file entry_30.txt (compact mmCIF, C-alpha atoms)
# COMPACT_ATOMS: atom_id res chain seq x y z
CA MET A 1 118.46 57.07 62.94
CA ALA A 2 116.86 60.52 62.44
CA VAL A 3 114.07 59.61 64.89
CA VAL A 4 116.61 58.36 67.46
CA ALA A 5 118.63 61.56 67.01
CA MET A 6 115.51 63.66 67.62
CA GLY A 7 114.76 61.68 70.75
CA LEU A 8 118.27 62.18 72.07
CA SER A 9 118.06 65.87 71.28
CA SER A 10 114.79 66.17 73.19
CA CYS A 11 116.31 64.45 76.23
CA LYS A 12 119.23 66.88 76.13
CA ASP A 13 116.83 69.85 75.83
CA GLU A 14 114.92 68.80 78.99
CA PRO A 15 117.34 66.78 81.11
CA ASP A 16 115.51 67.61 84.36
CA LYS A 17 111.95 67.12 83.11
CA TYR A 18 109.78 65.68 85.88
CA GLU A 19 108.37 62.22 85.23
CA VAL A 20 106.03 60.17 87.39
CA ALA A 21 107.80 57.01 88.54
CA ASP A 22 106.54 53.45 88.40
CA GLY A 23 106.12 51.26 91.45
CA LEU A 24 104.74 52.08 94.89
CA PRO A 25 105.69 54.87 97.31
CA SER A 26 106.59 54.39 100.96
CA VAL A 27 106.68 56.96 103.77
CA LYS A 28 109.10 56.71 106.70
CA TYR A 29 108.02 59.83 108.57
CA VAL A 30 106.37 63.24 108.16
CA ARG A 31 107.88 66.57 109.09
CA CYS A 32 105.78 69.74 109.56
CA LEU A 33 107.24 72.70 107.64
CA GLY A 34 104.51 75.18 108.55
CA SER A 35 101.53 74.99 110.88
CA GLU A 36 98.25 76.85 111.11
CA ILE A 37 98.36 80.56 110.37
CA LYS A 38 99.43 82.52 113.44
CA SER A 39 96.96 85.13 114.67
CA TYR A 40 96.69 87.50 117.61
CA ASN A 41 93.54 85.52 118.47
CA ASP A 42 95.65 82.43 119.25
CA ALA A 43 95.69 81.23 122.84
CA PRO A 44 98.89 82.14 124.72
CA ASP A 45 99.86 78.46 124.98
CA THR A 46 99.36 77.71 121.26
CA HIS A 47 102.05 75.30 120.08
CA TYR A 48 103.38 75.56 116.53
CA THR A 49 105.02 72.48 115.05
CA ASN A 50 107.35 74.06 112.47
CA GLY A 51 110.09 71.58 111.59
CA GLU A 52 108.97 68.85 113.98
CA LEU A 53 108.23 65.22 113.17
CA VAL A 54 104.46 64.87 113.41
CA THR A 55 101.72 62.28 113.26
CA GLU A 56 98.98 64.92 113.15
CA ALA A 57 98.55 68.51 111.96
CA SER A 58 95.89 71.09 111.22
CA PRO A 59 94.38 71.97 107.82
CA GLN A 60 96.61 74.25 105.72
CA SER A 61 99.72 72.95 107.49
CA ILE A 62 102.60 72.31 105.07
CA LEU A 63 104.05 68.81 105.38
CA CYS A 64 107.16 67.13 104.06
CA LEU A 65 106.69 63.38 103.55
CA VAL A 66 110.04 61.56 103.69
CA GLY A 67 110.40 58.08 102.20
CA ASP A 68 111.18 56.23 98.99
CA ASN A 69 109.90 56.39 95.41
CA LEU A 70 107.68 59.39 96.18
CA ARG A 71 107.72 60.45 92.52
CA SER A 72 105.27 57.57 92.00
CA VAL A 73 102.57 59.55 93.87
CA TYR A 74 100.08 60.80 91.26
CA GLU A 75 97.29 61.89 93.62
CA ILE A 76 97.17 62.44 97.38
CA TYR A 77 94.24 62.58 99.81
CA PHE A 78 93.91 63.45 103.49
CA ASN A 79 90.88 61.51 104.65
CA ASP A 80 88.52 62.19 101.73
CA LYS A 81 89.92 65.60 100.71
CA GLN A 82 92.39 65.82 97.84
CA GLY A 83 95.65 67.72 98.26
CA ILE A 84 97.37 69.65 95.47
CA LEU A 85 100.64 68.17 94.20
CA ASN A 86 103.36 70.37 92.72
CA SER A 87 106.07 68.44 90.89
CA SER A 88 108.57 71.17 91.79
CA TYR A 89 108.33 69.95 95.39
CA ILE A 90 108.56 66.21 94.76
CA THR A 91 111.73 64.11 94.63
CA ASP A 92 112.32 60.40 95.02
CA ASN A 93 112.70 60.84 98.77
CA THR A 94 110.63 63.93 99.69
CA LEU A 95 107.17 65.25 98.89
CA ILE A 96 105.98 68.64 100.11
CA VAL A 97 102.21 69.19 100.25
CA GLN A 98 99.68 71.33 102.12
CA ILE A 99 96.82 69.69 104.01
CA PRO A 100 93.56 70.78 102.34
CA ARG A 101 91.59 73.47 104.12
CA SER A 102 88.29 71.65 103.66
CA VAL A 103 86.83 69.74 106.60
CA PRO A 104 86.62 65.99 105.79
CA ASP A 105 83.21 64.40 105.40
CA LEU A 106 84.62 60.93 106.10
CA VAL A 107 87.32 60.72 108.78
CA THR A 108 89.69 57.76 108.38
CA ASP A 109 92.87 59.29 109.84
CA LYS A 110 94.92 58.26 106.83
CA ILE A 111 96.87 59.77 103.96
CA TYR A 112 96.06 58.04 100.65
CA MET A 113 98.80 58.07 97.99
CA VAL A 114 97.51 57.00 94.58
CA THR A 115 99.84 55.99 91.75
CA GLN A 116 99.29 56.61 88.06
CA SER A 117 98.17 52.99 87.71
CA LYS A 118 95.57 53.60 90.47
CA ASP A 119 97.33 51.56 93.17
CA THR A 120 96.84 53.09 96.64
CA VAL A 121 99.23 53.19 99.58
CA THR A 122 98.05 54.48 102.97
CA TYR A 123 99.87 56.14 105.85
CA ASP A 124 98.38 56.76 109.29
CA PHE A 125 97.96 60.47 109.92
CA HIS A 126 95.43 62.52 111.88
CA VAL A 127 94.13 65.85 110.54
CA ILE A 128 93.28 68.00 113.54
CA ILE A 129 89.99 69.86 113.20
CA SER A 130 89.97 72.60 115.78
CA ALA A 131 87.18 74.10 117.79
CA PRO A 132 85.59 77.05 115.96
CA GLN A 133 88.05 79.79 115.07
CA ILE A 134 86.55 83.27 115.45
CA ASN A 135 88.07 86.25 113.67
CA GLY A 136 85.38 88.83 114.33
CA MET A 137 81.76 89.93 114.40
CA GLY A 138 80.20 92.37 111.97
CA ASN A 139 78.98 94.81 114.62
CA GLU A 140 79.94 94.19 118.24
CA TYR A 141 77.41 96.80 119.38
CA ALA A 142 74.44 95.50 117.36
CA GLN A 143 70.98 95.74 118.81
CA ILE A 144 69.20 92.73 120.33
CA GLY A 145 67.06 91.04 117.70
CA SER A 146 69.29 92.04 114.80
CA THR A 147 71.02 89.55 112.50
CA GLN A 148 74.81 89.45 112.72
CA THR A 149 77.67 87.35 111.32
CA LEU A 150 80.68 85.74 112.95
CA THR A 151 83.60 85.11 110.58
CA GLY A 152 86.41 82.61 111.04
CA ASN A 153 86.55 78.89 110.36
CA TYR A 154 85.30 75.48 111.49
CA PHE A 155 81.72 76.52 112.22
CA ILE A 156 80.72 72.88 111.80
CA ASP A 157 77.14 71.80 112.35
CA ASP A 158 77.36 68.08 113.07
CA PRO A 159 74.04 66.16 113.09
CA GLY A 160 74.95 64.59 116.41
CA THR A 161 76.32 67.78 117.96
CA PRO A 162 74.77 70.87 116.36
CA LEU A 163 76.67 74.15 116.31
CA THR A 164 75.59 76.52 119.10
CA ILE A 165 76.23 80.21 119.85
CA ASN A 166 75.74 81.54 123.37
CA PHE A 167 75.98 85.13 124.60
CA THR A 168 76.86 86.17 128.11
CA GLY A 169 73.69 86.74 130.12
CA ALA A 170 72.88 88.12 133.54
CA ASN A 171 74.87 86.74 136.48
CA ASN A 172 77.33 84.93 134.15
CA THR A 173 74.62 82.78 132.60
CA GLN A 174 74.61 81.97 128.89
CA VAL A 175 71.86 82.92 126.45
CA LYS A 176 71.46 80.87 123.27
CA ALA A 177 71.36 82.71 119.94
CA PRO A 178 69.22 81.32 117.08
CA ILE A 179 71.42 80.36 114.11
CA THR A 180 69.98 81.33 110.72
CA ASN A 181 72.72 80.23 108.28
CA ILE A 182 76.11 78.51 108.18
CA ALA A 183 78.42 78.96 105.18
CA SER A 184 79.06 75.78 103.21
CA ASP A 185 82.81 76.17 103.77
CA TYR A 186 82.27 76.72 107.53
CA THR A 187 83.92 80.17 107.46
CA SER A 188 80.95 82.21 108.69
CA VAL A 189 77.72 81.81 110.62
CA GLU A 190 74.68 84.11 110.79
CA PHE A 191 72.58 84.38 113.93
CA THR A 192 70.13 86.61 115.78
CA ILE A 193 71.29 88.42 118.91
CA PRO A 194 69.07 86.98 121.65
CA GLU A 195 67.01 88.69 124.32
CA GLY A 196 68.97 88.90 127.54
CA ALA A 197 72.38 89.26 125.89
CA LYS A 198 74.71 91.33 128.09
CA GLU A 199 78.23 92.67 127.85
CA GLY A 200 80.72 89.82 127.69
CA PRO A 201 82.30 87.16 125.48
CA ILE A 202 80.41 84.92 123.05
CA TYR A 203 80.77 81.13 123.20
CA VAL A 204 80.68 79.03 120.01
CA THR A 205 80.54 75.24 120.34
CA SER A 206 80.88 72.54 117.68
CA VAL A 207 81.49 68.81 117.83
CA TYR A 208 85.21 69.69 118.06
CA GLY A 209 85.01 71.95 121.11
CA THR A 210 84.11 75.40 122.45
CA THR A 211 85.74 78.75 121.68
CA LYS A 212 85.24 81.94 123.68
CA THR A 213 85.63 85.16 121.72
CA SER A 214 88.53 87.42 122.61
CA PHE A 215 86.22 90.40 122.09
CA TYR A 216 83.17 91.23 124.18
CA TYR A 217 79.70 92.00 122.93
CA ARG A 218 79.07 95.69 123.81
CA ASP A 219 82.57 95.93 125.25
CA SER A 220 83.01 98.82 127.69
CA ARG A 221 86.56 97.89 128.69
CA GLY A 222 89.02 100.65 127.84
CA MET A 223 86.22 102.94 126.63
CA LEU A 224 87.63 106.32 125.64
CA PHE A 225 84.76 107.93 123.77
CA ASP A 226 81.18 106.65 123.72
CA PHE A 227 80.06 110.31 123.60
CA ASP A 228 77.46 109.57 126.25
CA THR A 229 78.97 108.45 129.57
CA THR A 230 82.77 108.99 129.60
CA GLY A 231 82.35 112.76 129.43
CA LEU A 232 84.93 113.19 126.68
CA ASP A 233 84.25 114.90 123.36
CA ASN A 234 86.11 117.06 120.85
CA HIS A 235 88.70 119.06 122.82
CA GLY A 236 91.13 120.98 120.63
CA TRP A 237 91.39 123.95 118.32
CA ASN A 238 89.00 122.60 115.70
CA GLY A 239 87.10 119.45 114.82
CA HIS A 240 83.64 117.98 115.26
CA SER A 241 81.75 117.54 118.49
CA SER A 242 79.31 114.65 118.84
CA THR A 243 75.83 114.60 117.38
CA THR A 244 73.01 112.10 116.91
CA ASP A 245 70.28 111.12 114.46
CA GLU A 246 67.95 108.24 113.70
CA THR A 247 70.85 106.01 112.58
CA ALA A 248 72.57 106.10 116.00
CA LEU A 249 73.59 102.88 117.71
CA SER A 250 72.62 104.55 120.98
CA GLY A 251 73.00 108.18 121.92
CA ASN A 252 75.71 110.30 120.33
CA PHE A 253 78.47 109.73 117.78
CA ILE A 254 80.91 111.89 115.80
CA GLN A 255 80.52 112.54 112.08
CA LEU A 256 83.32 113.36 109.64
CA GLY A 257 82.09 115.03 106.46
CA ASP A 258 78.66 116.45 105.70
CA GLY A 259 77.95 115.03 102.25
CA VAL A 260 78.75 118.39 100.63
CA ALA A 261 82.38 119.15 101.44
CA ALA A 262 84.72 117.40 99.00
CA MET A 263 87.89 115.56 99.95
CA ASN A 264 91.06 117.26 98.80
CA PRO A 265 94.33 115.43 99.58
CA SER A 266 96.30 118.68 99.52
CA ALA A 267 93.89 120.53 101.85
CA TRP A 268 93.91 120.87 105.65
CA ASP A 269 90.19 120.70 106.44
CA GLU A 270 89.69 120.27 110.18
CA GLN A 271 86.33 121.98 109.92
CA HIS A 272 84.75 119.04 108.07
CA PHE A 273 87.01 116.02 108.54
CA SER A 274 88.54 116.11 112.03
CA PHE A 275 87.86 114.94 115.57
CA VAL A 276 90.55 115.75 118.12
CA TYR A 277 91.06 115.27 121.84
CA TRP A 278 93.90 116.99 123.67
CA PRO A 279 94.15 116.51 127.44
CA GLY A 280 94.74 119.40 129.78
CA SER A 281 93.68 122.91 130.72
CA TRP A 282 95.25 126.33 130.89
CA ASN A 283 96.43 125.79 134.46
CA SER A 284 100.12 126.08 135.24
CA PRO A 285 101.57 123.69 136.09
CA GLU A 286 99.31 121.51 133.99
CA ASN A 287 97.03 119.43 136.26
CA TYR A 288 94.54 118.01 133.71
CA GLN A 289 91.70 119.40 135.84
CA ASP A 290 89.55 121.12 133.21
CA GLY A 291 86.53 119.06 134.24
CA ASP A 292 86.06 115.71 132.51
CA THR A 293 87.65 117.03 129.32
CA GLY A 294 91.00 117.64 130.95
CA LYS A 295 91.79 113.97 131.54
CA ARG A 296 94.62 112.12 129.85
CA LEU A 297 93.40 109.06 127.96
CA THR A 298 95.87 107.04 130.02
CA ASP A 299 93.71 107.99 133.04
CA LEU A 300 90.79 106.13 131.42
CA ALA A 301 92.53 103.01 130.08
CA ASP A 302 95.65 101.03 130.96
CA PHE A 303 98.12 101.17 128.04
CA SER A 304 100.99 99.44 129.85
CA ASP A 305 100.55 96.36 127.62
CA TRP A 306 99.73 98.37 124.49
CA THR A 307 101.53 96.01 122.09
CA ASN A 308 98.87 93.39 122.87
CA MET A 309 95.93 95.79 122.51
CA ALA A 310 93.75 96.98 119.65
CA LEU A 311 91.87 100.18 118.92
CA LYS A 312 88.22 99.46 118.12
CA PHE A 313 85.29 101.59 117.04
CA GLU A 314 82.02 101.28 115.15
CA MET A 315 81.66 102.98 111.76
CA ASN A 316 78.69 103.82 109.53
CA ILE A 317 79.04 105.19 105.98
CA PRO A 318 75.80 105.79 104.00
CA LYS A 319 75.70 104.24 100.54
CA ASP A 320 74.99 107.60 98.91
CA TYR A 321 78.06 109.24 100.52
CA PRO A 322 80.93 106.77 99.97
CA TRP A 323 84.58 107.26 100.79
CA SER A 324 87.15 107.07 97.96
CA ASP A 325 90.06 109.36 98.78
CA CYS A 326 92.53 110.08 101.61
CA ALA A 327 93.31 108.05 104.72
CA LEU A 328 91.61 108.21 108.06
CA GLN A 329 94.68 109.17 110.08
CA ILE A 330 94.35 107.96 113.67
CA CYS A 331 97.09 109.51 115.76
CA PHE A 332 97.81 109.01 119.46
CA ALA A 333 100.37 111.29 121.11
CA GLY A 334 101.84 111.88 124.56
CA VAL A 335 101.85 115.11 126.56
CA ASP A 336 105.33 115.78 125.20
CA LYS A 337 103.68 116.19 121.78
CA VAL A 338 100.46 118.08 122.61
CA THR A 339 98.28 119.31 125.47
CA PHE A 340 95.33 121.70 125.58
CA GLY A 341 96.96 124.69 127.25
CA ASN A 342 100.30 126.42 127.55
CA PRO A 343 103.65 124.66 127.13
CA GLY A 344 105.61 124.07 130.30
CA SER A 345 105.40 121.25 132.83
CA ASP A 346 102.73 119.25 134.60
CA ILE A 347 102.16 118.27 138.22
CA TYR A 348 103.97 114.98 137.58
CA GLY A 349 107.18 116.68 136.44
CA ASN A 350 106.67 115.98 132.72
CA THR A 351 107.44 118.55 130.05
CA VAL A 352 104.21 119.36 128.17
CA ALA A 353 104.06 120.71 124.64
CA GLY A 354 100.96 122.88 124.83
CA ALA A 355 98.39 123.29 122.06
CA ASN A 356 99.71 122.78 118.52
CA ASN A 357 99.01 120.79 115.36
CA ILE A 358 102.61 120.42 114.19
CA TYR A 359 102.92 116.88 115.51
CA MET A 360 100.19 115.62 113.17
CA THR A 361 102.30 116.17 110.04
CA ASP A 362 105.49 114.93 111.70
CA ASN A 363 106.39 111.57 110.12
CA SER A 364 108.28 110.61 113.27
CA ASN A 365 104.96 110.47 115.15
CA PRO A 366 103.44 107.02 114.35
CA ARG A 367 99.76 106.69 113.45
CA ALA A 368 97.39 104.28 111.73
CA LEU A 369 96.24 104.97 108.18
CA TYR A 370 92.86 103.34 107.65
CA ARG A 371 92.12 103.22 103.89
CA PRO A 372 89.50 100.51 103.20
CA TRP A 373 88.53 102.07 99.86
CA THR A 374 91.91 101.06 98.44
CA THR A 375 91.11 97.34 98.79
CA THR A 376 87.74 97.27 96.98
CA SER A 377 87.27 96.55 93.28
CA THR A 378 85.49 99.90 92.82
CA LYS A 379 88.07 101.85 94.87
CA SER A 380 85.16 103.17 96.90
CA PHE A 381 83.91 102.16 100.35
CA ASP A 382 80.66 102.41 102.27
CA THR A 383 78.85 100.26 104.83
CA ASN A 384 75.45 100.57 103.14
CA GLY A 385 74.31 102.65 106.08
CA GLU A 386 75.01 99.83 108.57
CA TRP A 387 77.26 100.02 111.61
CA ILE A 388 80.34 97.77 111.49
CA THR A 389 83.18 97.19 113.96
CA ILE A 390 86.70 98.24 112.95
CA THR A 391 89.66 96.57 114.70
CA LEU A 392 93.20 97.97 114.44
CA PRO A 393 95.87 96.20 116.55
CA LEU A 394 98.13 98.93 117.91
CA ALA A 395 101.49 97.24 117.34
CA SER A 396 100.93 96.38 113.67
CA ASN A 397 98.87 99.37 112.50
CA PHE A 398 100.29 102.43 114.25
CA ILE A 399 103.51 102.53 112.25
CA TYR A 400 102.96 105.18 109.52
CA GLY A 401 103.72 108.84 108.94
CA TRP A 402 101.54 111.66 107.61
CA ASP A 403 102.54 111.04 103.98
CA GLY A 404 101.96 107.26 104.03
CA SER A 405 105.58 106.27 104.56
CA LYS A 406 106.74 104.22 107.50
CA SER A 407 107.21 106.38 110.57
CA SER A 408 110.73 106.91 111.83
CA GLY A 409 109.47 107.03 115.43
CA SER A 410 107.98 104.50 117.81
CA LEU A 411 105.26 104.43 120.44
CA SER A 412 105.51 103.72 124.14
CA SER A 413 102.99 103.34 126.95
CA ASP A 414 103.20 107.14 127.49
CA SER A 415 102.15 107.92 123.90
CA PHE A 416 98.42 107.50 124.43
CA THR A 417 97.26 110.62 126.28
CA SER A 418 95.61 112.28 123.24
CA LEU A 419 93.86 111.13 120.06
CA TRP A 420 93.21 112.67 116.65
CA PHE A 421 90.99 111.28 113.89
CA PHE A 422 91.70 113.26 110.72
CA LEU A 423 90.58 112.38 107.19
CA ALA A 424 93.52 113.71 105.17
CA GLN A 425 96.55 112.77 103.07
CA GLY A 426 97.83 109.21 103.58
CA GLY A 427 100.03 108.74 100.54
CA ILE A 428 97.50 107.21 98.10
CA LYS A 429 95.46 109.29 95.65
CA GLY A 430 91.85 108.25 95.09
CA THR A 431 88.88 109.95 93.45
CA GLU A 432 87.03 113.04 94.66
CA CYS A 433 84.25 112.26 97.12
CA THR A 434 81.92 113.95 99.60
CA PRO A 435 81.81 111.28 102.30
CA ILE A 436 79.87 110.98 105.54
CA ILE A 437 81.66 108.84 108.13
CA LYS A 438 80.00 108.23 111.49
CA ILE A 439 82.10 106.86 114.37
CA ASP A 440 81.13 105.65 117.86
CA ASN A 441 82.49 103.70 120.85
CA ILE A 442 86.20 104.42 120.46
CA ARG A 443 87.96 102.00 122.81
CA VAL A 444 91.18 100.10 123.42
CA VAL A 445 90.89 96.42 124.39
CA PRO A 446 93.15 93.38 124.76
CA ASN A 447 93.82 91.39 121.60
CA LYS A 448 93.26 88.14 123.51
call {"tool": "encode", "arguments": {"input": "entry_30.txt", "output": "structure tokens"}}
result
Amino acid sequence: MAVVAMGLSSCKDEPDKYEVADGLPSVKYVRCLGSEIKSYNDAPDTHYTNGELVTEASPQSILCLVGDNLRSVYEIYFNDKQGILNSSYITDNTLIVQIPRSVPDLVTDKIYMVTQSKDTVTYDFHVIISAPQINGMGNEYAQIGSTQTLTGNYFIDDPGTPLTINFTGANNTQVKAPITNIASDYTSVEFTIPEGAKEGPIYVTSVYGTTKTSFYYRDSRGMLFDFDTTGLDNHGWNGHSSTTDETALSGNFIQLGDGVAAMNPSAWDEQHFSFVYWPGSWNSPENYQDGDTGKRLTDLADFSDWTNMALKFEMNIPKDYPWSDCALQICFAGVDKVTFGNPGSDIYGNTVAGANNIYMTDNSNPRALYRPWTTTSTKSFDTNGEWITITLPLASNFIYGWDGSKSSGSLSSDSFTSLWFFLAQGGIKGTECTPIIKIDNIRVVPNK
């Protein structure tokens, strides 16, 4: 009687304890609760199947199997890849599971539901393996003959249809790049930039299809500052003009920091850590005719669709001069915020603010705060002296204020006439450093 009483007590203590059921499961249909991760790299016509009844879905999609006796499922496989079961998401009539990320080695187009007694029930279902997904390239301005890496997913090298990478060549031809390594999980591929590679997209082909990169190799679209051909350089009260050395990608670049000056979050150090461009001249009314340097940045690039554009640039930080404090504040502003000259009006009838630095510390003026050192285990960041490409989508990154809080203001297509790169503040305290940060090829390009 004491043993029975203990058993009854245990049942009362855990009345909702999950238990695997006997018998066999059956599935009536499958509903997709969440599809592949959305990205600005997605094609405009990408269809997401959230909530729909489906007979196929992509890896990492979250499915709800609807049927009977689903608590009898002890293991589940999609093709030959095992899914992870969570008893919190299993009832007699529903089972929620995510399709494994791994690419199947053996494709059978079936879900296998295995019971605790090792009986197996199958259900027809196709896991869609997409054409290669490309997130980015280490350095979009890398020299021919150098080794680079594409990151993304589904870089699958099938014996019957090997993975290929082709660059844009002369007269819209394609030039094949030698592949040197493919990650075992298909999320990256190393290759050598081939002779004859020209400006343009890169094409990656697997057995599942071809993907064209949204970015261009050596992209000159929307070029604002290459410090060689656009004619624009530092144009403000203070800040660094371009320079060059043996590490240059090609020609000139700007350098923030000299390896001696220390970062101080409470300091205003334009002398060492600033690059600024204000459009305009001292003419009245303002006509932006001070040679090449008087231009508005909106005269060089079309910002009308700015919410679907990204700011890009190449960056090089020597290993011996890492970055571990303050944000790189990247601030666009319209002529109503700043111009290089007197306040007043311009030839287009706009009110112009004239030369000032007040707008930089105004939290209502949105900017990006680039702080890669905050995401590393050492809380320090360098590129080991190599050039890398930085990509900052305008809509999602240019939302902060001077102190690191969310900006109370918003941008418009008229907000992009000037640009300020300033290593200062940013709301997160790091450790003292004497960084050297080299920047080149500042441009705005479409996200897609």
call {"tool": "closest_residue", "arguments": {"input": "entry_30.txt", "among": "A:Phe155, A:Phe253, A:Trp306, A:Tyr348", "to": "Ile134 of chain A", "atoms": "only C-alpha atoms"}}
result
A:Phe155
call {"tool": "atom_distance", "arguments": {"input": "entry_30.txt", "atom1": "atom CA of Trp237 of chain A", "atom2": "atom CA of Asn252 of chain A"}}
result
20.9 Å
call {"tool": "atom_distance", "arguments": {"input": "entry_30.txt", "atom1": "atom CA of Ser88 of chain A", "atom2": "atom CA of Val20 of chain A"}}
result
12.1 Å
call {"tool": "axis_aligned_box", "arguments": {"input": "entry_30.txt", "around": "segment 399-410 of chain A", "padding_each_side": "5 Å", "output": "AutoDock Vina command-line options"}}
result
--center_x 106.1 --center_y 107.1 --center_z 110.9 --size_x 19.2 --size_y 19.1 --size_z 23.8
call {"tool": "residues_around", "arguments": {"input": "entry_30.txt", "residues": "His240 of chain A", "least_positions_apart": "3", "cutoff": "8 Å", "atoms": "only C-alpha atoms", "output": "number ranges by chain"}}
result
A: 234, 254-256, 271-276
call {"tool": "closest_residue", "arguments": {"input": "entry_30.txt", "among": "A:Gln289, A:Ser61, A:Gln329, A:Thr147", "to": "Phe191 of chain A", "atoms": "all atoms listed in the file"}}
result
A:Thr147
call {"tool": "closest_residue", "arguments": {"input": "entry_30.txt", "among": "A:Phe167, A:Phe215, A:Tyr123, A:Trp420", "to": "Thr192 of chain A", "atoms": "all atoms listed in the file"}}
result
A:Phe167
call {"tool": "residues_around", "arguments": {"input": "entry_30.txt", "residues": "Asp414 of chain A", "least_positions_apart": "3", "cutoff": "8 Å", "atoms": "only C-alpha atoms", "output": "PyMOL selection string"}}
result
chain A and resi 298+303+334+411+417
call {"tool": "closest_residue", "arguments": {"input": "entry_30.txt", "among": "A:Thr378, A:Val207, A:Thr94, A:Thr55", "to": "Pro25 of chain A", "atoms": "only C-alpha atoms"}}
result
A:Thr94
call {"tool": "residues_around", "arguments": {"input": "entry_30.txt", "residues": "Asn447 of chain A", "least_positions_apart": "4", "cutoff": "6 Å", "atoms": "all atoms listed in the file", "output": "list in words"}}
result
Asn308, Met309 and Ala310 of chain A
call {"tool": "residues_around", "arguments": {"input": "entry_30.txt", "residues": "Asp299 of chain A", "least_positions_apart": "5", "cutoff": "12 Å", "atoms": "only C-alpha atoms", "output": "list in words"}}
result
Gly222, Met223, Leu224, Thr230, Pro279, Gly280, Tyr288, Gln289, Asp292, Thr293, Gly294, Ser304, Asp414, Phe416, Thr417 and Ser418 of chain A
call {"tool": "residues_around", "arguments": {"input": "entry_30.txt", "residues": "Val175 of chain A", "least_positions_apart": "2", "cutoff": "12 Å", "atoms": "only C-alpha atoms", "output": "list of chain:residue names"}}
result
A:Ile144, A:Thr164, A:Ile165, A:Asn166, A:Phe167, A:Thr168, A:Gly169, A:Ala170, A:Asn171, A:Asn172, A:Thr173, A:Ala177, A:Pro178, A:Thr192, A:Ile193, A:Pro194, A:Glu195, A:Gly196, A:Ala197, A:Lys198, A:Glu199, A:Gly200, A:Pro201, A:Ile202, A:Tyr203, A:Val204
call {"tool": "atom_distance", "arguments": {"input": "entry_30.txt", "atom1": "atom CA of Asp290 of chain A", "atom2": "atom CA of Val445 of chain A"}}
result
26.3 Å
call {"tool": "closest_residue", "arguments": {"input": "entry_30.txt", "among": "A:Asn363, A:Gln98, A:Thr434, A:Asn441", "to": "Ser410 of chain A", "atoms": "all atoms listed in the file"}}
result
A:Asn363
call {"tool": "closest_residue", "arguments": {"input": "entry_30.txt", "among": "A:Asn397, A:Ser324, A:Gln133, A:Asn342", "to": "Leu423 of chain A", "atoms": "only C-alpha atoms"}}
result
A:Ser324
